[in-house]
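Worksheet: one structure, shown below.
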Amino acid sequence: MLSSYRQIFAAPGSLAFSSSGFVSRLPISMTGIGIVTMLAQLRGSFGIAGAVSAVLAVSAAVLGPQVSRLVDRYGQRRVALPATAVTMAAATALLACARLGAPDWTLFLFAAGMGVMPSTGSMVRARWAHLYSDRPDRLHTAYSFEAVMDEVCFIVGPILSIGLATSLFPEAGVALAGVFLAVGVVLFTAQRSTEPPVHPAAHHEGGSAIRSAGLQVLVLTFVATGAIFGAVEVVTVAFAKEQGHTAAASLVLAVYALGSCLAGVVFGAFKPRGSMAGRFLGGVGAMAVGMLPLVLAASLLDGTAGLAAVGAALFVAGLSISPTMITAMALVERLVPAAKLTEGMTWTTTGLALGVALGSSVAGWVVDAAGAATAYWVPVAAALFAAAAALVGLPRLRGGLASPEQEPVGTPAAR
């Protein structure tokens, strides 16, 4: 199994850009939950906390694909560095407003400004696609490895963010996320030898990558999937607080990510069978089924036993996440032209961000109105919607894969 992963790092510079990309991705899992934990302590409301986090997610959903479109057109280094600088300025202002008790509208304003954070995950995958476009087996393993790294981020990130915010000072989680972003992006963009070349201007014609019908299906499904993630984060923090163990929320969420991480490691070591579209539908369906035990676990048990049961249910639910995400990234590579690959991958992240915004906001209000145990119905409903969207959109996915219009990543023009 491990030999498959060793092979992908045979390319010079691959370990450097992947590891620095990991550091710069940690803020993805730290910022939203860090804002929720920070404002829940400083403002005393999960509703306000979830709404500010949702504004950040919506802003990233609107601005993220545009930043990635610029990356495809002008190059990773030229775009990522200034985008990171703007993100850091907005994050600093957000922390200052939270600490000084500024009006709520200032929190929303600066959270929106953080939406220009560059999608390093998409840029890392674009580098892998450039390296192994002619080796589908290695590209599958590389995408699997990055999905595992995403899950490691979601194991480590919330633990750091919630743990520091509850043990040191409320702003500590978001502040450390900013440090990781700045250091990670600087190190990542310094790896010039593996940066994909900019495509000729003619390859950027035809409008946005989102015009692909198949990509639209993925994005809609990912909106619902993101709602699962956002709701689970907010509700789990609230549930842990109701049980008198707020800090334990980070451990419970880490177990959720651990299930996904383990499944991704196994999935990446073997060549998948069946059609990509069919595997994607199966993965989303498994996510929907896997969420159902969560409601029972939260409703029937209290205290430490309740937290343990929720953690076990989330571990099982997490087993379907990485395989589904890995398949989705492989679908994007097949559905969009090579010159728009970074943008296409970022659109899936955009769908997740929109979903996180919806899920965290709705879950926050349900927690305030009916309690955390009831609020676990929010991610269940989102999972069922995701399965329905994937099922209805299956013909579009299959049609996109069968279309001869997409330029393979490995063509000479793409390089």
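Residue numbering restarts at 1 in every chain; chains get A, B, ... in the order shown in the structure tokens, and ligands count up from 1 in that same order.
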
Per-residue nearest contacts stretch 61-149 of chain A to stretch 18-27 of chain A, cut-off 12 Å, using only C-alpha atoms, as a tab-separated table:
residue	atom	partner	partner_atom	distance
A:Ala80	CA	A:Ser24	CA	11.0
A:Leu81	CA	A:Ser24	CA	11.8
A:Thr84	CA	A:Ser24	CA	10.1
A:Thr87	CA	A:Pro27	CA	11.2
A:Met88	CA	A:Pro27	CA	11.4
A:Ala91	CA	A:Pro27	CA	11.3
A:Met114	CA	A:Pro27	CA	11.3
A:Met117	CA	A:Pro27	CA	9.5
A:Pro118	CA	A:Ser24	CA	9.3
A:Ser119	CA	A:Arg25	CA	8.0
A:Thr120	CA	A:Gly21	CA	6.0
A:Gly121	CA	A:Arg25	CA	6.6
A:Ser122	CA	A:Gly21	CA	9.6
A:Met123	CA	A:Gly21	CA	8.4
A:Val124	CA	A:Gly21	CA	6.4
A:Arg125	CA	A:Ser18	CA	8.9
A:Ala126	CA	A:Ser18	CA	11.2
A:Arg127	CA	A:Ser18	CA	9.1
A:Trp128	CA	A:Ser18	CA	9.0
A:Ala142	CA	A:Ser18	CA	9.7
A:Tyr143	CA	A:Ser18	CA	11.0
A:Phe145	CA	A:Ser18	CA	9.4
A:Glu146	CA	A:Ser18	CA	7.9
A:Ala147	CA	A:Phe22	CA	10.6
A:Val148	CA	A:Phe22	CA	10.4
A:Met149	CA	A:Phe22	CA	6.6

Distance query A:Gly157 at most 10 Å, only C-alpha atoms, self and fewer than 4 positions along chain excluded, as a CSV table (one decimal) with N, CA and C atoms, in the first residue's frame:
chain,number,residue,atom,x,y,z
A,25,ARG,N,-3.1,25.1,4.1
A,25,ARG,CA,-4.5,24.7,4.1
A,25,ARG,C,-5.0,24.5,5.5
A,26,LEU,N,-4.2,24.5,6.5
A,26,LEU,CA,-4.7,24.4,7.9
A,26,LEU,C,-5.7,25.5,8.2
A,27,PRO,N,-5.6,26.7,7.8
A,27,PRO,CA,-6.6,27.7,8.1
A,27,PRO,C,-8.0,27.4,7.7
A,28,ILE,N,-8.1,26.5,6.6
A,28,ILE,CA,-9.5,26.2,6.2
A,28,ILE,C,-10.3,25.5,7.3
A,29,SER,N,-9.6,24.7,8.1
A,29,SER,CA,-10.3,24.0,9.2
A,29,SER,C,-10.3,24.7,10.5
A,30,MET,N,-9.4,25.8,10.6
A,30,MET,CA,-9.3,26.5,11.8
A,30,MET,C,-10.1,27.8,11.9
A,31,THR,N,-10.3,28.4,10.7
A,31,THR,CA,-10.8,29.8,10.8
A,31,THR,C,-12.3,29.8,11.1
A,33,ILE,N,-14.3,27.5,12.6
A,33,ILE,CA,-14.6,27.0,13.9
A,33,ILE,C,-13.9,27.9,14.9
A,34,GLY,N,-12.8,28.5,14.6
A,34,GLY,CA,-12.2,29.5,15.5
A,34,GLY,C,-13.0,30.7,15.7
A,151,GLU,N,-8.1,15.8,5.3
A,151,GLU,CA,-8.7,15.3,6.5
A,151,GLU,C,-7.7,15.5,7.7
A,152,VAL,N,-6.4,15.3,7.5
A,152,VAL,CA,-5.5,15.6,8.6
A,152,VAL,C,-5.6,17.0,9.1
A,153,CYS,N,-5.8,17.9,8.1
A,153,CYS,CA,-6.1,19.3,8.5
A,153,CYS,C,-7.3,19.5,9.4
A,161,SER,N,-7.4,25.0,17.1
A,161,SER,CA,-8.2,26.3,17.1
A,161,SER,C,-9.1,26.3,18.4
A,162,ILE,N,-9.9,25.3,18.6
A,162,ILE,CA,-10.7,25.2,19.8
A,162,ILE,C,-9.9,25.2,21.1
A,163,GLY,N,-8.9,24.3,21.1
A,163,GLY,CA,-8.1,24.2,22.3
A,163,GLY,C,-7.4,25.4,22.7
A,173,GLY,N,-7.1,30.9,18.2
A,173,GLY,CA,-7.3,29.9,17.1
A,173,GLY,C,-7.2,30.6,15.8
A,176,LEU,N,-3.6,32.0,15.1
A,176,LEU,CA,-2.7,30.9,14.6
A,176,LEU,C,-3.0,30.5,13.2
A,177,ALA,N,-4.2,30.5,12.8
A,177,ALA,CA,-4.6,30.2,11.4
A,177,ALA,C,-4.0,31.2,10.5
A,250,SER,N,-13.4,19.5,20.0
A,250,SER,CA,-12.3,19.3,19.1
A,250,SER,C,-11.9,17.9,18.9
A,253,LEU,N,-14.8,16.1,16.8
A,253,LEU,CA,-14.6,16.5,15.4
A,253,LEU,C,-13.4,15.8,14.7
A,254,ALA,N,-12.4,15.7,15.5
A,254,ALA,CA,-11.2,15.0,15.0
A,254,ALA,C,-11.5,13.5,14.7

Hey, what's within 8 Å of A:Asp72 if we count only C-alpha atoms and toss same-chain stuff fewer than 5 positions away? As number ranges by chain, please? A: 198-199, 339-343

Those residues with N, CA and C atoms, as a compact mmCIF listing (two decimals), in the first residue's frame please?
# COMPACT_ATOMS: atom_id res chain seq x y z
N VAL A 198 1.65 29.05 -17.27
CA VAL A 198 0.42 29.76 -17.62
C VAL A 198 0.01 29.35 -19.03
N HIS A 199 -1.26 29.10 -19.23
CA HIS A 199 -1.76 28.69 -20.53
C HIS A 199 -1.89 29.90 -21.45
N ALA A 339 -6.90 24.46 -19.08
CA ALA A 339 -6.57 25.86 -18.79
C ALA A 339 -7.45 26.44 -17.68
N LYS A 340 -8.49 25.71 -17.28
CA LYS A 340 -9.40 26.20 -16.25
C LYS A 340 -9.46 25.23 -15.06
N LEU A 341 -8.42 24.41 -14.92
CA LEU A 341 -8.45 23.36 -13.91
C LEU A 341 -8.48 23.92 -12.50
N THR A 342 -7.65 24.91 -12.19
CA THR A 342 -7.63 25.47 -10.84
C THR A 342 -8.98 26.09 -10.50
N GLU A 343 -9.54 26.83 -11.46
CA GLU A 343 -10.86 27.42 -11.24
C GLU A 343 -11.91 26.34 -11.03

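All residues of protein, DNA or RNA that reach within 9 Å of A:Val79, judged by only C-alpha atoms and not counting those fewer than 5 positions away in the chain, are Val67, Ser68, Leu70, Val71, Tyr74, Thr84 and Pro118 of chain A.
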
Writing out the chosen residues with all heavy atoms as a PDB file, in the first residue's frame:
ATOM      1  N   VAL A  67     -10.451  34.421  -7.746  1.00  0.00           N
ATOM      2  CA  VAL A  67      -9.012  34.391  -7.447  1.00  0.00           C
ATOM      3  C   VAL A  67      -8.348  33.238  -8.201  1.00  0.00           C
ATOM      4  O   VAL A  67      -7.286  33.401  -8.805  1.00  0.00           O
ATOM      5  CB  VAL A  67      -8.776  34.262  -5.928  1.00  0.00           C
ATOM      6  CG1 VAL A  67      -7.290  34.064  -5.626  1.00  0.00           C
ATOM      7  CG2 VAL A  67      -9.298  35.499  -5.191  1.00  0.00           C
ATOM      8  N   SER A  68      -8.983  32.067  -8.203  1.00  0.00           N
ATOM      9  CA  SER A  68      -8.410  30.919  -8.900  1.00  0.00           C
ATOM     10  C   SER A  68      -8.413  31.116 -10.414  1.00  0.00           C
ATOM     11  O   SER A  68      -7.531  30.616 -11.114  1.00  0.00           O
ATOM     12  CB  SER A  68      -9.184  29.643  -8.537  1.00  0.00           C
ATOM     13  OG  SER A  68      -8.940  29.290  -7.198  1.00  0.00           O
ATOM     14  N   LEU A  70      -7.874  33.931 -11.827  1.00  0.00           N
ATOM     15  CA  LEU A  70      -6.673  34.747 -12.036  1.00  0.00           C
ATOM     16  C   LEU A  70      -5.413  33.895 -11.940  1.00  0.00           C
ATOM     17  O   LEU A  70      -4.443  34.124 -12.664  1.00  0.00           O
ATOM     18  CB  LEU A  70      -6.633  35.878 -11.007  1.00  0.00           C
ATOM     19  CG  LEU A  70      -7.720  36.942 -11.120  1.00  0.00           C
ATOM     20  CD1 LEU A  70      -7.632  37.920  -9.949  1.00  0.00           C
ATOM     21  CD2 LEU A  70      -7.589  37.702 -12.446  1.00  0.00           C
ATOM     22  N   VAL A  71      -5.431  32.901 -11.055  1.00  0.00           N
ATOM     23  CA  VAL A  71      -4.292  31.993 -10.938  1.00  0.00           C
ATOM     24  C   VAL A  71      -4.065  31.252 -12.253  1.00  0.00           C
ATOM     25  O   VAL A  71      -2.936  31.143 -12.738  1.00  0.00           O
ATOM     26  CB  VAL A  71      -4.501  30.989  -9.780  1.00  0.00           C
ATOM     27  CG1 VAL A  71      -3.483  29.852  -9.856  1.00  0.00           C
ATOM     28  CG2 VAL A  71      -4.405  31.690  -8.440  1.00  0.00           C
ATOM     29  N   TYR A  74      -2.697  34.047 -14.755  1.00  0.00           N
ATOM     30  CA  TYR A  74      -1.448  34.779 -14.521  1.00  0.00           C
ATOM     31  C   TYR A  74      -0.401  33.987 -13.743  1.00  0.00           C
ATOM     32  O   TYR A  74       0.741  34.438 -13.629  1.00  0.00           O
ATOM     33  CB  TYR A  74      -1.742  36.088 -13.773  1.00  0.00           C
ATOM     34  CG  TYR A  74      -2.627  37.022 -14.564  1.00  0.00           C
ATOM     35  CD1 TYR A  74      -3.947  37.237 -14.170  1.00  0.00           C
ATOM     36  CD2 TYR A  74      -2.159  37.672 -15.706  1.00  0.00           C
ATOM     37  CE1 TYR A  74      -4.783  38.086 -14.898  1.00  0.00           C
ATOM     38  CE2 TYR A  74      -2.990  38.522 -16.438  1.00  0.00           C
ATOM     39  CZ  TYR A  74      -4.297  38.719 -16.030  1.00  0.00           C
ATOM     40  OH  TYR A  74      -5.114  39.554 -16.749  1.00  0.00           O
ATOM     41  N   THR A  84      -3.138  36.615  -0.242  1.00  0.00           N
ATOM     42  CA  THR A  84      -2.845  36.288   1.155  1.00  0.00           C
ATOM     43  C   THR A  84      -2.664  37.550   1.989  1.00  0.00           C
ATOM     44  O   THR A  84      -3.116  37.626   3.137  1.00  0.00           O
ATOM     45  CB  THR A  84      -1.580  35.415   1.233  1.00  0.00           C
ATOM     46  OG1 THR A  84      -1.816  34.187   0.536  1.00  0.00           O
ATOM     47  CG2 THR A  84      -1.210  35.106   2.676  1.00  0.00           C
ATOM     48  N   PRO A 118      -6.516  32.495  -0.889  1.00  0.00           N
ATOM     49  CA  PRO A 118      -6.282  31.638  -2.066  1.00  0.00           C
ATOM     50  C   PRO A 118      -6.551  30.178  -1.761  1.00  0.00           C
ATOM     51  O   PRO A 118      -6.333  29.712  -0.633  1.00  0.00           O
ATOM     52  CB  PRO A 118      -4.804  31.880  -2.391  1.00  0.00           C
ATOM     53  CG  PRO A 118      -4.193  32.306  -1.089  1.00  0.00           C
ATOM     54  CD  PRO A 118      -5.264  33.080  -0.374  1.00  0.00           C
TER      55      PRO A 118
END

Find the spatial neighbours of stretch 38-40 of chain A, counting only C-alpha atoms, within a cut-off of 10 Å - ignore same-chain residues fewer than 6 positions away - and output them as a list in words. Gly32, Phe46, Gly47, Ile48, Ala49, Gly50, Val52, Ser53, Leu95, Ala98, Arg99, Leu107, Ser161, Ile162, Ala165, Thr166, Phe169, Pro170, Glu171, Ala172, Gly173, Val174 and Ala238 of chain A

Residues from the last selection, N, CA, C and O atoms, saved as a PDB file, in the first residue's frame:
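File produced: selection15.pdb:
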ATOM      1  N   GLY A  32     -13.102  28.988  10.442  1.00  0.00           N
ATOM      2  CA  GLY A  32     -14.537  29.009  10.712  1.00  0.00           C
ATOM      3  C   GLY A  32     -14.866  28.604  12.138  1.00  0.00           C
ATOM      4  O   GLY A  32     -15.583  29.312  12.848  1.00  0.00           O
ATOM      5  N   PHE A  46     -24.321  31.700  19.899  1.00  0.00           N
ATOM      6  CA  PHE A  46     -23.936  30.854  18.777  1.00  0.00           C
ATOM      7  C   PHE A  46     -24.568  31.355  17.482  1.00  0.00           C
ATOM      8  O   PHE A  46     -24.075  31.072  16.399  1.00  0.00           O
ATOM      9  N   GLY A  47     -25.690  32.072  17.583  1.00  0.00           N
ATOM     10  CA  GLY A  47     -26.326  32.620  16.391  1.00  0.00           C
ATOM     11  C   GLY A  47     -25.434  33.626  15.690  1.00  0.00           C
ATOM     12  O   GLY A  47     -25.202  33.551  14.480  1.00  0.00           O
ATOM     13  N   ILE A  48     -24.921  34.612  16.442  1.00  0.00           N
ATOM     14  CA  ILE A  48     -24.005  35.616  15.876  1.00  0.00           C
ATOM     15  C   ILE A  48     -22.724  34.945  15.400  1.00  0.00           C
ATOM     16  O   ILE A  48     -22.210  35.234  14.310  1.00  0.00           O
ATOM     17  N   ALA A  49     -22.196  34.036  16.210  1.00  0.00           N
ATOM     18  CA  ALA A  49     -20.952  33.358  15.850  1.00  0.00           C
ATOM     19  C   ALA A  49     -21.099  32.590  14.536  1.00  0.00           C
ATOM     20  O   ALA A  49     -20.250  32.672  13.638  1.00  0.00           O
ATOM     21  N   GLY A  50     -22.198  31.823  14.413  1.00  0.00           N
ATOM     22  CA  GLY A  50     -22.417  31.066  13.189  1.00  0.00           C
ATOM     23  C   GLY A  50     -22.658  31.963  11.993  1.00  0.00           C
ATOM     24  O   GLY A  50     -22.221  31.661  10.877  1.00  0.00           O
ATOM     25  N   VAL A  52     -21.427  35.056  11.453  1.00  0.00           N
ATOM     26  CA  VAL A  52     -20.164  35.652  11.004  1.00  0.00           C
ATOM     27  C   VAL A  52     -19.334  34.617  10.242  1.00  0.00           C
ATOM     28  O   VAL A  52     -18.760  34.913   9.188  1.00  0.00           O
ATOM     29  N   SER A  53     -19.293  33.408  10.761  1.00  0.00           N
ATOM     30  CA  SER A  53     -18.591  32.339  10.066  1.00  0.00           C
ATOM     31  C   SER A  53     -19.222  32.076   8.709  1.00  0.00           C
ATOM     32  O   SER A  53     -18.522  31.805   7.720  1.00  0.00           O
ATOM     33  N   LEU A  95     -10.053  40.359  14.348  1.00  0.00           N
ATOM     34  CA  LEU A  95      -9.650  40.047  15.719  1.00  0.00           C
ATOM     35  C   LEU A  95      -9.686  41.291  16.601  1.00  0.00           C
ATOM     36  O   LEU A  95     -10.103  41.237  17.760  1.00  0.00           O
ATOM     37  N   ALA A  98     -13.306  42.136  17.419  1.00  0.00           N
ATOM     38  CA  ALA A  98     -13.862  41.188  18.390  1.00  0.00           C
ATOM     39  C   ALA A  98     -13.362  41.488  19.793  1.00  0.00           C
ATOM     40  O   ALA A  98     -14.127  41.477  20.765  1.00  0.00           O
ATOM     41  N   ARG A  99     -12.079  41.773  19.933  1.00  0.00           N
ATOM     42  CA  ARG A  99     -11.485  42.049  21.244  1.00  0.00           C
ATOM     43  C   ARG A  99     -11.980  43.363  21.825  1.00  0.00           C
ATOM     44  O   ARG A  99     -12.254  43.471  23.033  1.00  0.00           O
ATOM     45  N   LEU A 107     -17.697  42.962  12.367  1.00  0.00           N
ATOM     46  CA  LEU A 107     -17.292  41.560  12.293  1.00  0.00           C
ATOM     47  C   LEU A 107     -17.660  40.973  10.936  1.00  0.00           C
ATOM     48  O   LEU A 107     -16.868  40.262  10.311  1.00  0.00           O
ATOM     49  N   SER A 161      -7.428  25.034  17.069  1.00  0.00           N
ATOM     50  CA  SER A 161      -8.231  26.251  17.114  1.00  0.00           C
ATOM     51  C   SER A 161      -9.099  26.313  18.366  1.00  0.00           C
ATOM     52  O   SER A 161      -9.081  27.297  19.111  1.00  0.00           O
ATOM     53  N   ILE A 162      -9.858  25.253  18.619  1.00  0.00           N
ATOM     54  CA  ILE A 162     -10.732  25.240  19.795  1.00  0.00           C
ATOM     55  C   ILE A 162      -9.916  25.163  21.075  1.00  0.00           C
ATOM     56  O   ILE A 162     -10.191  25.866  22.058  1.00  0.00           O
ATOM     57  N   ALA A 165      -8.277  28.538  21.772  1.00  0.00           N
ATOM     58  CA  ALA A 165      -9.275  29.568  22.072  1.00  0.00           C
ATOM     59  C   ALA A 165      -9.887  29.387  23.459  1.00  0.00           C
ATOM     60  O   ALA A 165     -10.280  30.366  24.102  1.00  0.00           O
ATOM     61  N   THR A 166      -9.994  28.142  23.908  1.00  0.00           N
ATOM     62  CA  THR A 166     -10.605  27.884  25.216  1.00  0.00           C
ATOM     63  C   THR A 166      -9.597  27.860  26.357  1.00  0.00           C
ATOM     64  O   THR A 166      -9.973  28.040  27.519  1.00  0.00           O
ATOM     65  N   PHE A 169      -6.689  32.341  24.988  1.00  0.00           N
ATOM     66  CA  PHE A 169      -7.574  33.500  24.863  1.00  0.00           C
ATOM     67  C   PHE A 169      -8.440  33.284  23.633  1.00  0.00           C
ATOM     68  O   PHE A 169      -8.051  32.550  22.708  1.00  0.00           O
ATOM     69  N   PRO A 170      -9.635  33.868  23.566  1.00  0.00           N
ATOM     70  CA  PRO A 170     -10.607  33.528  22.522  1.00  0.00           C
ATOM     71  C   PRO A 170     -10.104  33.698  21.093  1.00  0.00           C
ATOM     72  O   PRO A 170     -10.517  32.962  20.200  1.00  0.00           O
ATOM     73  N   GLU A 171      -9.213  34.664  20.861  1.00  0.00           N
ATOM     74  CA  GLU A 171      -8.763  34.934  19.491  1.00  0.00           C
ATOM     75  C   GLU A 171      -7.610  34.043  19.050  1.00  0.00           C
ATOM     76  O   GLU A 171      -7.168  34.114  17.891  1.00  0.00           O
ATOM     77  N   ALA A 172      -7.112  33.186  19.918  1.00  0.00           N
ATOM     78  CA  ALA A 172      -5.880  32.448  19.642  1.00  0.00           C
ATOM     79  C   ALA A 172      -5.998  31.535  18.425  1.00  0.00           C
ATOM     80  O   ALA A 172      -5.061  31.407  17.632  1.00  0.00           O
ATOM     81  N   GLY A 173      -7.143  30.870  18.247  1.00  0.00           N
ATOM     82  CA  GLY A 173      -7.300  29.942  17.132  1.00  0.00           C
ATOM     83  C   GLY A 173      -7.235  30.632  15.793  1.00  0.00           C
ATOM     84  O   GLY A 173      -6.538  30.177  14.870  1.00  0.00           O
ATOM     85  N   VAL A 174      -7.946  31.740  15.651  1.00  0.00           N
ATOM     86  CA  VAL A 174      -7.946  32.479  14.393  1.00  0.00           C
ATOM     87  C   VAL A 174      -6.582  33.098  14.132  1.00  0.00           C
ATOM     88  O   VAL A 174      -6.096  33.134  12.991  1.00  0.00           O
ATOM     89  N   ALA A 238     -21.726  23.050  20.263  1.00  0.00           N
ATOM     90  CA  ALA A 238     -22.835  23.371  21.158  1.00  0.00           C
ATOM     91  C   ALA A 238     -23.207  22.170  22.021  1.00  0.00           C
ATOM     92  O   ALA A 238     -23.493  22.315  23.218  1.00  0.00           O
TER      93      ALA A 238
END
